[in-house]
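Here's target-v4.pdb, which has PDB, C-alpha atoms:
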ATOM      1  CA  MET A 870       0.000   0.000   0.000
ATOM      2  CA  THR A 871       1.438   3.363  -0.949
ATOM      3  CA  THR A 872       0.719   6.550   0.910
ATOM      4  CA  SER A 873       0.444   9.776  -1.036
ATOM      5  CA  MET A 874       2.350  12.690   0.485
ATOM      6  CA  SER A 875       0.985  16.154   0.196
ATOM      7  CA  PRO A 876       3.521  18.915  -0.611
ATOM      8  CA  VAL A 877       2.879  20.495   2.784
ATOM      9  CA  ASP A 878       3.940  17.310   4.573
ATOM     10  CA  SER A 879       7.572  18.100   3.843
ATOM     11  CA  CYS A 880       7.311  21.757   4.908
ATOM     12  CA  THR A 881       9.024  23.067   8.016
ATOM     13  CA  ASP A 882       6.962  24.281  10.959
ATOM     14  CA  ALA A 883       7.756  27.879  10.012
ATOM     15  CA  GLU A 884       6.429  27.359   6.488
ATOM     16  CA  LEU A 885       3.330  25.665   7.849
ATOM     17  CA  VAL A 886       2.678  28.541  10.243
ATOM     18  CA  HIS A 887       2.910  30.943   7.291
ATOM     19  CA  CYS A 888       0.389  28.785   5.400
ATOM     20  CA  LEU A 889      -1.835  28.704   8.471
ATOM     21  CA  GLN A 890      -1.693  32.484   8.695
ATOM     22  CA  ALA A 891      -2.915  32.566   5.103
ATOM     23  CA  GLY A 892      -5.843  30.358   6.142
ATOM     24  CA  SER A 893      -4.659  26.875   5.113
ATOM     25  CA  LEU A 894      -6.470  24.155   7.028
ATOM     26  CA  GLU A 895      -4.205  21.560   5.430
ATOM     27  CA  ALA A 896      -1.267  23.174   7.231
ATOM     28  CA  LEU A 897      -3.210  22.950  10.492
ATOM     29  CA  GLY A 898      -3.775  19.238   9.866
ATOM     30  CA  VAL A 899      -0.076  18.606   9.251
ATOM     31  CA  LEU A 900       0.927  20.562  12.360
ATOM     32  CA  TYR A 901      -1.622  18.526  14.333
ATOM     33  CA  ASP A 902      -0.196  15.228  13.070
ATOM     34  CA  ARG A 903       3.320  16.403  13.851
ATOM     35  CA  HIS A 904       2.771  17.710  17.375
ATOM     36  CA  ARG A 905      -0.352  16.022  18.740
ATOM     37  CA  ASN A 906       1.595  13.573  20.924
ATOM     38  CA  LEU A 907       3.573  16.381  22.522
ATOM     39  CA  VAL A 908       0.399  18.256  23.461
ATOM     40  CA  TYR A 909      -1.596  15.187  24.468
ATOM     41  CA  ARG A 910       1.115  13.696  26.711
ATOM     42  CA  THR A 911       1.713  17.008  28.456
ATOM     43  CA  ALA A 912      -2.000  17.607  29.012
ATOM     44  CA  LEU A 913      -2.537  14.056  30.242
ATOM     45  CA  ALA A 914       0.395  14.147  32.641
ATOM     46  CA  ILE A 915      -0.716  17.456  34.177
ATOM     47  CA  THR A 916      -4.451  16.741  34.409
ATOM     48  CA  GLY A 917      -4.348  12.960  34.912
ATOM     49  CA  ASP A 918      -7.607  12.800  32.951
ATOM     50  CA  VAL A 919      -7.846  11.122  29.534
ATOM     51  CA  GLU A 920     -10.954  13.013  28.409
ATOM     52  CA  ALA A 921      -9.563  16.340  29.562
ATOM     53  CA  ALA A 922      -6.330  15.640  27.675
ATOM     54  CA  ALA A 923      -8.314  14.973  24.479
ATOM     55  CA  ASP A 924     -10.284  18.192  24.944
ATOM     56  CA  LEU A 925      -7.145  20.198  25.673
ATOM     57  CA  LEU A 926      -5.467  18.763  22.588
ATOM     58  CA  HIS A 927      -8.418  20.011  20.556
ATOM     59  CA  ASP A 928      -8.448  23.423  22.266
ATOM     60  CA  VAL A 929      -4.724  24.051  21.858
ATOM     61  CA  PHE A 930      -4.813  23.420  18.109
ATOM     62  CA  LEU A 931      -7.981  25.456  17.701
ATOM     63  CA  ARG A 932      -6.157  28.305  19.414
ATOM     64  CA  LEU A 933      -3.213  27.786  17.108
ATOM     65  CA  HIS A 934      -5.597  28.280  14.194
ATOM     66  CA  ARG A 935      -7.434  31.172  15.802
ATOM     67  CA  PHE A 936      -4.379  33.131  16.894
ATOM     68  CA  ALA A 937      -2.054  32.140  14.063
ATOM     69  CA  ALA A 938      -1.641  35.768  13.061
ATOM     70  CA  HIS A 939       0.028  36.488  16.436
ATOM     71  CA  ILE A 940       2.574  33.673  16.192
ATOM     72  CA  ASP A 941       6.099  34.497  15.087
ATOM     73  CA  ALA A 942       6.793  31.902  12.416
ATOM     74  CA  GLN A 943      10.551  32.451  12.711
ATOM     75  CA  ARG A 944      10.609  31.078  16.248
ATOM     76  CA  PRO A 945      10.183  27.357  17.056
ATOM     77  CA  LEU A 946       6.565  26.323  17.493
ATOM     78  CA  GLU A 947       7.080  23.718  20.211
ATOM     79  CA  PRO A 948       7.666  26.171  23.104
ATOM     80  CA  TRP A 949       4.414  27.939  22.130
ATOM     81  CA  LEU A 950       2.570  24.600  22.175
ATOM     82  CA  TYR A 951       4.063  23.626  25.540
ATOM     83  CA  ARG A 952       3.185  27.017  27.051
ATOM     84  CA  MET A 953      -0.372  26.937  25.731
ATOM     85  CA  THR A 954      -0.900  23.332  26.851
ATOM     86  CA  THR A 955       0.442  23.988  30.339
ATOM     87  CA  ASN A 956      -1.652  27.126  30.787
ATOM     88  CA  GLN A 957      -4.802  25.458  29.485
ATOM     89  CA  ALA A 958      -4.218  22.436  31.730
ATOM     90  CA  TYR A 959      -3.761  24.695  34.772
ATOM     91  CA  THR A 960      -7.009  26.481  33.910
ATOM     92  CA  TRP A 961      -8.835  23.163  33.531
ATOM     93  CA  ILE A 962      -7.624  21.977  36.937
ATOM     94  CA  LYS A 963      -8.564  25.236  38.680
ATOM     95  CA  ARG A 964     -12.062  25.185  37.162
ATOM     96  CA  ARG A 965     -12.504  21.547  38.091
ATOM     97  CA  ARG A 966     -11.448  22.202  41.672
ATOM     98  CA  ARG A 967     -13.909  25.043  41.935
ATOM     99  CA  TRP A 968     -16.952  23.311  40.476
ATOM    100  CA  LEU A 969     -16.535  19.566  40.406
ATOM    101  CA  HIS A 970     -15.061  18.659  43.768
ATOM    102  CA  PRO A 971     -17.976  20.013  45.806
ATOM    103  CA  LEU A 972     -20.333  18.052  43.517
ATOM    104  CA  GLU A 973     -18.229  14.905  43.898
ATOM    105  CA  ASP A 974     -18.292  15.295  47.660
ATOM    106  CA  VAL A 975     -22.089  15.543  47.625
ATOM    107  CA  ALA A 976     -22.335  12.511  45.306
ATOM    108  CA  ASP A 977     -20.027  10.504  47.582
ATOM    109  CA  TRP A 978     -22.063  11.519  50.597
ATOM    110  CA  LEU A 979     -25.330  10.480  48.914
ATOM    111  CA  THR A 980     -24.103   7.146  47.539
ATOM    112  CA  GLY A 981     -21.511   6.228  50.152
ATOM    113  CA  SER A 982     -17.810   6.698  49.538
ATOM    114  CA  LYS A 983     -16.646   4.855  46.443
ATOM    115  CA  LYS A 984     -13.311   4.321  48.184
ATOM    116  CA  ASP A 985     -15.003   1.576  50.224
ATOM    117  CA  MET A 986     -16.034  -0.363  47.116
ATOM    118  CA  PRO A 987     -13.998  -3.484  46.210
ATOM    119  CA  ALA A 988     -13.786  -2.470  42.541
ATOM    120  CA  TYR A 989     -12.341   0.891  43.470
ATOM    121  CA  GLN A 990      -9.836  -0.776  45.781
ATOM    122  CA  ALA A 991      -8.702  -3.120  43.005
ATOM    123  CA  GLU A 992      -8.276  -0.206  40.641
ATOM    124  CA  ALA A 993      -6.394   1.764  43.250
ATOM    125  CA  ASP A 994      -3.974  -1.108  43.708
ATOM    126  CA  GLU A 995      -2.830  -0.805  40.122
ATOM    127  CA  SER A 996       0.664   0.579  39.922
ATOM    128  CA  TRP A 997      -0.339   3.105  37.256
ATOM    129  CA  GLN A 998      -2.955   4.469  39.562
ATOM    130  CA  HIS A 999      -0.216   4.880  42.130
ATOM    131  CA  VAL A1000       2.012   6.806  39.720
ATOM    132  CA  GLN A1001      -0.905   8.971  38.652
ATOM    133  CA  GLN A1002      -1.812   9.781  42.229
ATOM    134  CA  ALA A1003       1.808  10.637  43.016
ATOM    135  CA  VAL A1004       1.921  13.143  40.157
ATOM    136  CA  LEU A1005      -1.517  14.596  40.877
ATOM    137  CA  SER A1006      -0.620  15.129  44.526
ATOM    138  CA  LEU A1007       2.081  17.610  43.514
ATOM    139  CA  PRO A1008       1.257  21.317  43.754
ATOM    140  CA  LEU A1009       0.246  22.664  40.353
ATOM    141  CA  SER A1010       3.344  24.795  39.817
ATOM    142  CA  HIS A1011       5.658  21.870  40.690
ATOM    143  CA  ARG A1012       3.639  19.468  38.552
ATOM    144  CA  GLY A1013       4.148  21.542  35.407
ATOM    145  CA  VAL A1014       7.918  21.585  35.898
ATOM    146  CA  VAL A1015       8.079  17.862  36.735
ATOM    147  CA  VAL A1016       6.025  16.933  33.661
ATOM    148  CA  LEU A1017       8.044  19.083  31.279
ATOM    149  CA  TYR A1018      11.308  17.732  32.715
ATOM    150  CA  TYR A1019      10.539  14.031  33.073
ATOM    151  CA  VAL A1020       7.846  13.352  30.483
ATOM    152  CA  ASN A1021       8.948  15.772  27.767
ATOM    153  CA  ASP A1022      12.653  15.570  28.548
ATOM    154  CA  LEU A1023      13.195  19.338  28.348
ATOM    155  CA  SER A1024      16.202  21.134  29.824
ATOM    156  CA  LEU A1025      15.956  23.534  32.764
ATOM    157  CA  GLN A1026      16.603  26.448  30.409
ATOM    158  CA  GLU A1027      13.827  25.370  28.027
ATOM    159  CA  ILE A1028      11.364  24.959  30.911
ATOM    160  CA  SER A1029      12.347  28.381  32.207
ATOM    161  CA  GLU A1030      11.552  29.953  28.824
ATOM    162  CA  ILE A1031       8.296  28.059  28.367
ATOM    163  CA  LEU A1032       6.897  28.815  31.809
ATOM    164  CA  GLU A1033       8.501  32.278  31.879
ATOM    165  CA  ILE A1034      10.112  31.768  35.281
ATOM    166  CA  PRO A1035      13.789  32.005  36.314
ATOM    167  CA  VAL A1036      15.987  28.902  35.985
ATOM    168  CA  GLY A1037      16.537  28.979  39.763
ATOM    169  CA  THR A1038      12.805  28.673  40.319
ATOM    170  CA  VAL A1039      12.663  25.738  37.898
ATOM    171  CA  LYS A1040      15.469  24.019  39.835
ATOM    172  CA  SER A1041      13.774  24.627  43.158
ATOM    173  CA  ARG A1042      10.376  23.362  41.959
ATOM    174  CA  LEU A1043      11.991  20.346  40.373
ATOM    175  CA  HIS A1044      13.842  19.546  43.597
ATOM    176  CA  TYR A1045      10.690  19.709  45.725
ATOM    177  CA  GLY A1046       8.687  17.869  43.086
ATOM    178  CA  ARG A1047      11.281  15.097  42.929
ATOM    179  CA  GLN A1048      11.365  14.765  46.725
ATOM    180  CA  ALA A1049       7.565  14.583  46.866
ATOM    181  CA  LEU A1050       7.471  11.966  44.094
ATOM    182  CA  LYS A1051      10.127   9.853  45.826
ATOM    183  CA  LYS A1052       8.147   9.974  49.030
ATOM    184  CA  SER A1053       4.824   9.157  47.326
ATOM    185  CA  LEU A1054       6.340   6.300  45.329
ATOM    186  CA  GLY A1055       8.290   4.912  48.269
ATOM    187  CA  LEU A1056      11.671   5.581  46.670
ATOM    188  CA  LEU A1057      13.605   6.398  49.803
ATOM    189  CA  GLU A1058      17.311   7.174  49.966
ATOM    190  CA  GLY A1059      19.475   4.068  49.712
ATOM    191  CA  GLU A1060      16.623   1.897  48.535
ATOM    192  CA  VAL A1061      17.361  -0.325  45.543
ATOM    193  CA  LEU A1062      15.317   0.842  42.575
ATOM    194  CA  PRO A1063      12.935  -1.731  41.142
ATOM    195  CA  VAL A1064      13.676  -2.675  37.558
ATOM    196  CA  LEU A1065      11.097  -1.550  35.002
ATOM    197  CA  GLN A1066      10.286  -4.610  32.959
ATOM    198  CA  TYR A1067       9.148  -2.897  29.808
ATOM    199  CA  GLU A1068       8.576   0.439  28.240
ATOM    200  CA  PHE A1069       5.763   1.548  25.945
ATOM    201  CA  THR A1070       6.825   2.909  22.627
TER     202      THR A1070
ATOM    203  CA  MET B  47      18.787  13.910  34.008
ATOM    204  CA  ASN B  48      21.506  11.372  34.574
ATOM    205  CA  LYS B  49      21.029  10.192  38.155
ATOM    206  CA  PRO B  50      19.503   6.707  38.501
ATOM    207  CA  ILE B  51      16.590   8.130  40.453
ATOM    208  CA  ASP B  52      15.887  10.681  37.707
ATOM    209  CA  LEU B  53      16.103   8.034  35.015
ATOM    210  CA  PHE B  54      13.767   5.805  36.966
ATOM    211  CA  ILE B  55      11.174   8.514  37.627
ATOM    212  CA  GLY B  56      11.364   9.684  34.007
ATOM    213  CA  LYS B  57      10.858   6.197  32.632
ATOM    214  CA  MET B  58       7.991   5.507  35.007
ATOM    215  CA  LEU B  59       6.152   8.730  34.139
ATOM    216  CA  ARG B  60       6.652   8.211  30.409
ATOM    217  CA  ASN B  61       5.337   4.651  30.693
ATOM    218  CA  TRP B  62       2.303   5.983  32.482
ATOM    219  CA  VAL B  63       1.371   8.614  29.862
ATOM    220  CA  ASP B  64       2.293   6.371  26.929
ATOM    221  CA  GLN B  65      -0.471   3.965  27.868
ATOM    222  CA  HIS B  66      -2.886   6.410  26.263
ATOM    223  CA  LYS B  67      -2.981   7.722  22.723
ATOM    224  CA  PRO B  68      -4.636  10.849  21.277
ATOM    225  CA  PRO B  69      -8.198  10.254  20.028
ATOM    226  CA  VAL B  70      -8.354   8.810  16.519
ATOM    227  CA  ASN B  71     -11.008  11.261  15.348
ATOM    228  CA  GLY B  72      -9.134  14.282  16.763
ATOM    229  CA  ARG B  73      -7.863  15.547  13.424
ATOM    230  CA  ALA B  74     -11.250  15.405  11.701
ATOM    231  CA  ARG B  75     -12.939  17.079  14.663
ATOM    232  CA  LEU B  76     -10.322  19.834  14.717
ATOM    233  CA  LEU B  77     -10.498  20.573  10.995
ATOM    234  CA  SER B  78     -14.271  20.532  11.023
ATOM    235  CA  GLU B  79     -14.431  23.070  13.816
ATOM    236  CA  ALA B  80     -11.580  25.186  12.449
ATOM    237  CA  ALA B  81     -13.376  25.414   9.096
ATOM    238  CA  ARG B  82     -16.320  27.040  10.855
ATOM    239  CA  ALA B  83     -14.250  29.337  13.051
ATOM    240  CA  VAL B  84     -12.962  32.705  11.928
ATOM    241  CA  PRO B  85      -9.280  33.244  12.755
ATOM    242  CA  ARG B  86      -8.519  36.383  14.730
ATOM    243  CA  ASP B  87      -6.852  39.247  12.921
ATOM    244  CA  THR B  88      -6.597  37.560   9.587
ATOM    245  CA  LYS B  89      -6.158  39.907   6.707
ATOM    246  CA  GLN B  90      -9.594  41.089   5.630
ATOM    247  CA  PRO B  91      -9.998  42.368   2.108
ATOM    248  CA  VAL B  92      -9.375  46.070   2.041
ATOM    249  CA  LEU B  93     -12.111  48.134   0.393
ATOM    250  CA  ILE B  94     -10.737  51.096  -1.473
ATOM    251  CA  ALA B  95     -13.169  53.952  -1.005
ATOM    252  CA  ASP B  96     -13.301  55.433  -4.468
ATOM    253  CA  HIS B  97     -16.839  56.659  -4.517
ATOM    254  CA  GLY B  98     -16.325  59.914  -6.360
ATOM    255  CA  ILE B  99     -18.575  61.835  -3.994
ATOM    256  CA  TYR B 100     -16.584  62.453  -0.843
ATOM    257  CA  ALA B 101     -13.028  63.656  -0.788
ATOM    258  CA  PRO B 102     -11.949  62.952   2.813
ATOM    259  CA  HIS B 103      -8.617  64.757   2.524
ATOM    260  CA  LYS B 104     -10.466  67.938   1.620
ATOM    261  CA  LEU B 105     -12.985  67.689   4.463
ATOM    262  CA  ARG B 106     -12.769  68.999   8.018
ATOM    263  CA  ALA B 107     -12.192  66.483  10.810
ATOM    264  CA  ASP B 108     -15.840  66.269  11.843
ATOM    265  CA  GLU B 109     -16.941  65.920   8.234
ATOM    266  CA  CYS B 110     -14.407  63.153   7.659
ATOM    267  CA  ALA B 111     -15.900  61.069  10.456
ATOM    268  CA  GLN B 112     -19.417  61.621   9.172
ATOM    269  CA  ALA B 113     -18.449  60.826   5.590
ATOM    270  CA  LEU B 114     -16.808  57.598   6.688
ATOM    271  CA  PHE B 115     -19.829  56.629   8.771
ATOM    272  CA  VAL B 116     -22.186  57.203   5.848
ATOM    273  CA  LEU B 117     -19.931  55.315   3.452
ATOM    274  CA  VAL B 118     -19.681  52.292   5.754
ATOM    275  CA  ASN B 119     -23.392  52.272   6.503
ATOM    276  CA  GLU B 120     -24.558  52.693   2.978
ATOM    277  CA  THR B 121     -22.299  50.291   1.215
ATOM    278  CA  VAL B 122     -20.420  47.788   3.273
ATOM    279  CA  PHE B 123     -22.867  46.647   5.927
ATOM    280  CA  ARG B 124     -25.721  46.287   3.470
ATOM    281  CA  SER B 125     -23.683  44.074   1.195
ATOM    282  CA  GLY B 126     -22.515  41.911   4.097
ATOM    283  CA  LEU B 127     -18.816  42.453   3.497
ATOM    284  CA  GLN B 128     -16.230  42.530   6.238
ATOM    285  CA  LEU B 129     -14.273  45.753   6.130
ATOM    286  CA  ARG B 130     -10.968  46.770   7.629
ATOM    287  CA  VAL B 131     -10.770  50.538   7.797
ATOM    288  CA  ILE B 132      -7.219  51.793   7.312
TER     289      ILE B 132
END
Can I see the file as structure tokens?
Amino acid sequence: MTTSMSPVDSCTDAELVHCLQAGSLEALGVLYDRHRNLVYRTALAITGDVEAAADLLHDVFLRLHRFAAHIDAQRPLEPWLYRMTTNQAYTWIKRRRRWLHPLEDVADWLTGSKKDMPAYQAEADESWQHVQQAVLSLPLSHRGVVVLYYVNDLSLQEISEILEIPVGTVKSRLHYGRQALKKSLGLLEGEVLPVLQYEFT
Amino acid sequence: MNKPIDLFIGKMLRNWVDQHKPPVNGRARLLSEAARAVPRDTKQPVLIADHGIYAPHKLRADECAQALFVLVNETVFRSGLQLRVI
């Protein structure tokens, strides 16, 4: 089976942004294919919610289309995507805290706490659930730095530019985030690290 | 990120997020919605006001504003065009 390549597929991000500024939806589609994993992984790691990550992925690229005229095509696009994703994820979490948690508390009170249910216990025992909880227990500002550093493998300088905070602040947040993660995951000093059996690709 | 603890945490977090993939219909949904949305500050067609009646550079300031208002009202809005006044 052969796949036909559109001319825009081989364009650089800068050229695609120029096309997008001229109104090309094809350029938007190519940029989406190229960077969707970056946005989705970041959104998922910060929110811990699969549906929210899908919605944020959609929102970030809609904003890219909507505000294309304000984007400097000569600069790399990835920092813009990281910044937009992080900010949108923070906003989602703050809104959720404000509106959803009180409703969840009422629902739990009416139906009995779901934490007592066997099914919930089984789910909570899953190691992924444990990792997710460890990340979600971090303060929001630390979580953003931890996600960009560990999940997206960015340097301290890059994180500093994306989040528009000094490098020293990035280091400090990363230090506290790392300590909190070690504590949550039971990775104490001197303990032998368990071997990860496999890695998703 | 070269300490064993950093490598371990990094690998664990990446494994966690890599369990999930972006939605398969995401691209179609995005393009469908983007096609209906109007980008901000895109270049609107510029209407050259060559009406032969008003000569704004020869009018006083208050007359200029009124002439422009009449021109916009009478022509552009009625025809449903988007206008960028420069």
Practice problem: Up to 10 Å from chain A, what residues of chain B turn up? Count only C-alpha atoms and give them as a ChimeraX atom specification. | Solution: /B:47,50-69,72-81,83-89
Quiz item: Please, what distance in Å, to one decimal, runs between atom CA of Asp882 of chain A and atom CA of His904 of chain A?
Solution: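 Calculated distance between atom CA of Asp882 of chain A and atom CA of His904 of chain A is 10.1 Å.
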Practice problem: Record the distance separating atom CA of Ala942 of chain A and atom CA of Ile1034 of chain A, expressed in Å with one decimal. | Solution: 23.1 Å
Report, as AutoDock Vina command-line options, the axis-aligned box around all atoms of segment 70-73 of chain B present in the file, extended by 5 Å on each side; give centre and edge lengths in Å to one decimal place.
--center_x -9.4 --center_y 12.2 --center_z 15.1 --size_x 13.1 --size_y 16.7 --size_z 13.3
Practice problem: Can you pull out every residue within 12 Å of Glu1030 of chain A, counting all atoms listed in the file, but drop anything in the same chain fewer than 3 positions away, and send it as a VMD selection string? | Solution: chain A and resid 947 to 949 951 to 952 1014 1017 1023 to 1027 1033 to 1036 1038 to 1039
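Atom pair atom CA of Gln957 of chain A / atom CA of Asn71 of chain B has a distance of 21.0 Å (rounded to one decimal).
Within the 9 Å cut-off around Ile962 of chain A, using all atoms listed in the file and omitting residues fewer than 3 positions from it on the same chain, the listed residues are Ile915, Thr916, Gln957, Ala958, Tyr959, Arg965, Arg966, Arg967 and Leu1009 of chain A.
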Quiz item: Got a sec to resolve the PyMOL selection byres ((chain A and resi 876) around 12) on this structure and send the residues as an MDAnalysis selection string?
Solution: chainID A and resid 873:875 877:881 884:885 888 895:896 899
Quiz prompt | Counting only C-alpha atoms, the residue of A:Met953, A:Leu1005, A:Val886, A:Leu1043 that sits nearest Leu925 of chain A | solution = A:Met953
Missing atoms in segment 59-88 of chain B should be modelled up to N, CA and C atoms and reported as a compact mmCIF listing (two decimals), in the frame of the given file.
# COMPACT_ATOMS: atom_id res chain seq x y z
N LEU B 59 7.17 7.76 34.56
CA LEU B 59 6.15 8.73 34.14
C LEU B 59 5.85 8.60 32.65
N ARG B 60 6.89 8.36 31.86
CA ARG B 60 6.65 8.21 30.41
C ARG B 60 5.84 6.95 30.13
N ASN B 61 6.14 5.88 30.86
CA ASN B 61 5.34 4.65 30.69
C ASN B 61 3.87 4.91 31.01
N TRP B 62 3.68 5.69 32.05
CA TRP B 62 2.30 5.98 32.48
C TRP B 62 1.54 6.74 31.39
N VAL B 63 2.12 7.84 30.86
CA VAL B 63 1.37 8.61 29.86
C VAL B 63 1.29 7.89 28.52
N ASP B 64 2.29 7.04 28.23
CA ASP B 64 2.29 6.37 26.93
C ASP B 64 1.27 5.24 26.83
N GLN B 65 0.61 4.95 27.94
CA GLN B 65 -0.47 3.96 27.87
C GLN B 65 -1.62 4.48 27.03
N HIS B 66 -1.75 5.80 26.95
CA HIS B 66 -2.89 6.41 26.26
C HIS B 66 -2.42 7.10 24.99
N LYS B 67 -3.29 7.08 24.01
CA LYS B 67 -2.98 7.72 22.72
C LYS B 67 -4.02 8.81 22.44
N PRO B 68 -3.65 9.81 21.64
CA PRO B 68 -4.64 10.85 21.28
C PRO B 68 -5.83 10.22 20.56
N PRO B 69 -7.01 10.83 20.67
CA PRO B 69 -8.20 10.25 20.03
C PRO B 69 -8.02 10.14 18.51
N VAL B 70 -8.56 9.05 17.96
CA VAL B 70 -8.35 8.81 16.52
C VAL B 70 -9.12 9.81 15.65
N ASN B 71 -10.22 10.33 16.17
CA ASN B 71 -11.01 11.26 15.35
C ASN B 71 -10.62 12.72 15.62
N GLY B 72 -9.52 12.92 16.36
CA GLY B 72 -9.13 14.28 16.76
C GLY B 72 -8.88 15.22 15.60
N ARG B 73 -8.22 14.70 14.56
CA ARG B 73 -7.86 15.55 13.42
C ARG B 73 -9.12 16.02 12.69
N ALA B 74 -10.02 15.06 12.43
CA ALA B 74 -11.25 15.40 11.70
C ALA B 74 -12.09 16.40 12.49
N ARG B 75 -12.16 16.18 13.80
CA ARG B 75 -12.94 17.08 14.66
C ARG B 75 -12.34 18.49 14.65
N LEU B 76 -11.01 18.54 14.71
CA LEU B 76 -10.32 19.83 14.72
C LEU B 76 -10.56 20.59 13.41
N LEU B 77 -10.37 19.90 12.29
CA LEU B 77 -10.50 20.57 11.00
C LEU B 77 -11.94 21.00 10.73
N SER B 78 -12.86 20.18 11.20
CA SER B 78 -14.27 20.53 11.02
C SER B 78 -14.60 21.81 11.79
N GLU B 79 -14.12 21.88 13.01
CA GLU B 79 -14.43 23.07 13.82
C GLU B 79 -13.65 24.30 13.34
N ALA B 80 -12.40 24.06 12.93
CA ALA B 80 -11.58 25.19 12.45
C ALA B 80 -12.16 25.78 11.17
N ALA B 81 -12.79 24.92 10.35
CA ALA B 81 -13.38 25.41 9.10
C ALA B 81 -14.53 26.37 9.38
N ARG B 82 -15.18 26.17 10.52
CA ARG B 82 -16.32 27.04 10.86
C ARG B 82 -15.89 28.28 11.63
N ALA B 83 -14.70 28.22 12.23
CA ALA B 83 -14.25 29.34 13.05
C ALA B 83 -13.56 30.39 12.19
N VAL B 84 -13.63 31.63 12.64
CA VAL B 84 -12.96 32.70 11.93
C VAL B 84 -11.69 33.04 12.69
N PRO B 85 -10.52 32.89 12.06
CA PRO B 85 -9.28 33.24 12.76
C PRO B 85 -9.26 34.71 13.15
N ARG B 86 -8.64 35.00 14.28
CA ARG B 86 -8.52 36.38 14.73
C ARG B 86 -7.47 37.13 13.92
N ASP B 87 -7.80 38.34 13.56
CA ASP B 87 -6.85 39.25 12.92
C ASP B 87 -6.29 38.73 11.60
N THR B 88 -7.07 37.92 10.92
CA THR B 88 -6.60 37.56 9.59
C THR B 88 -6.80 38.76 8.67
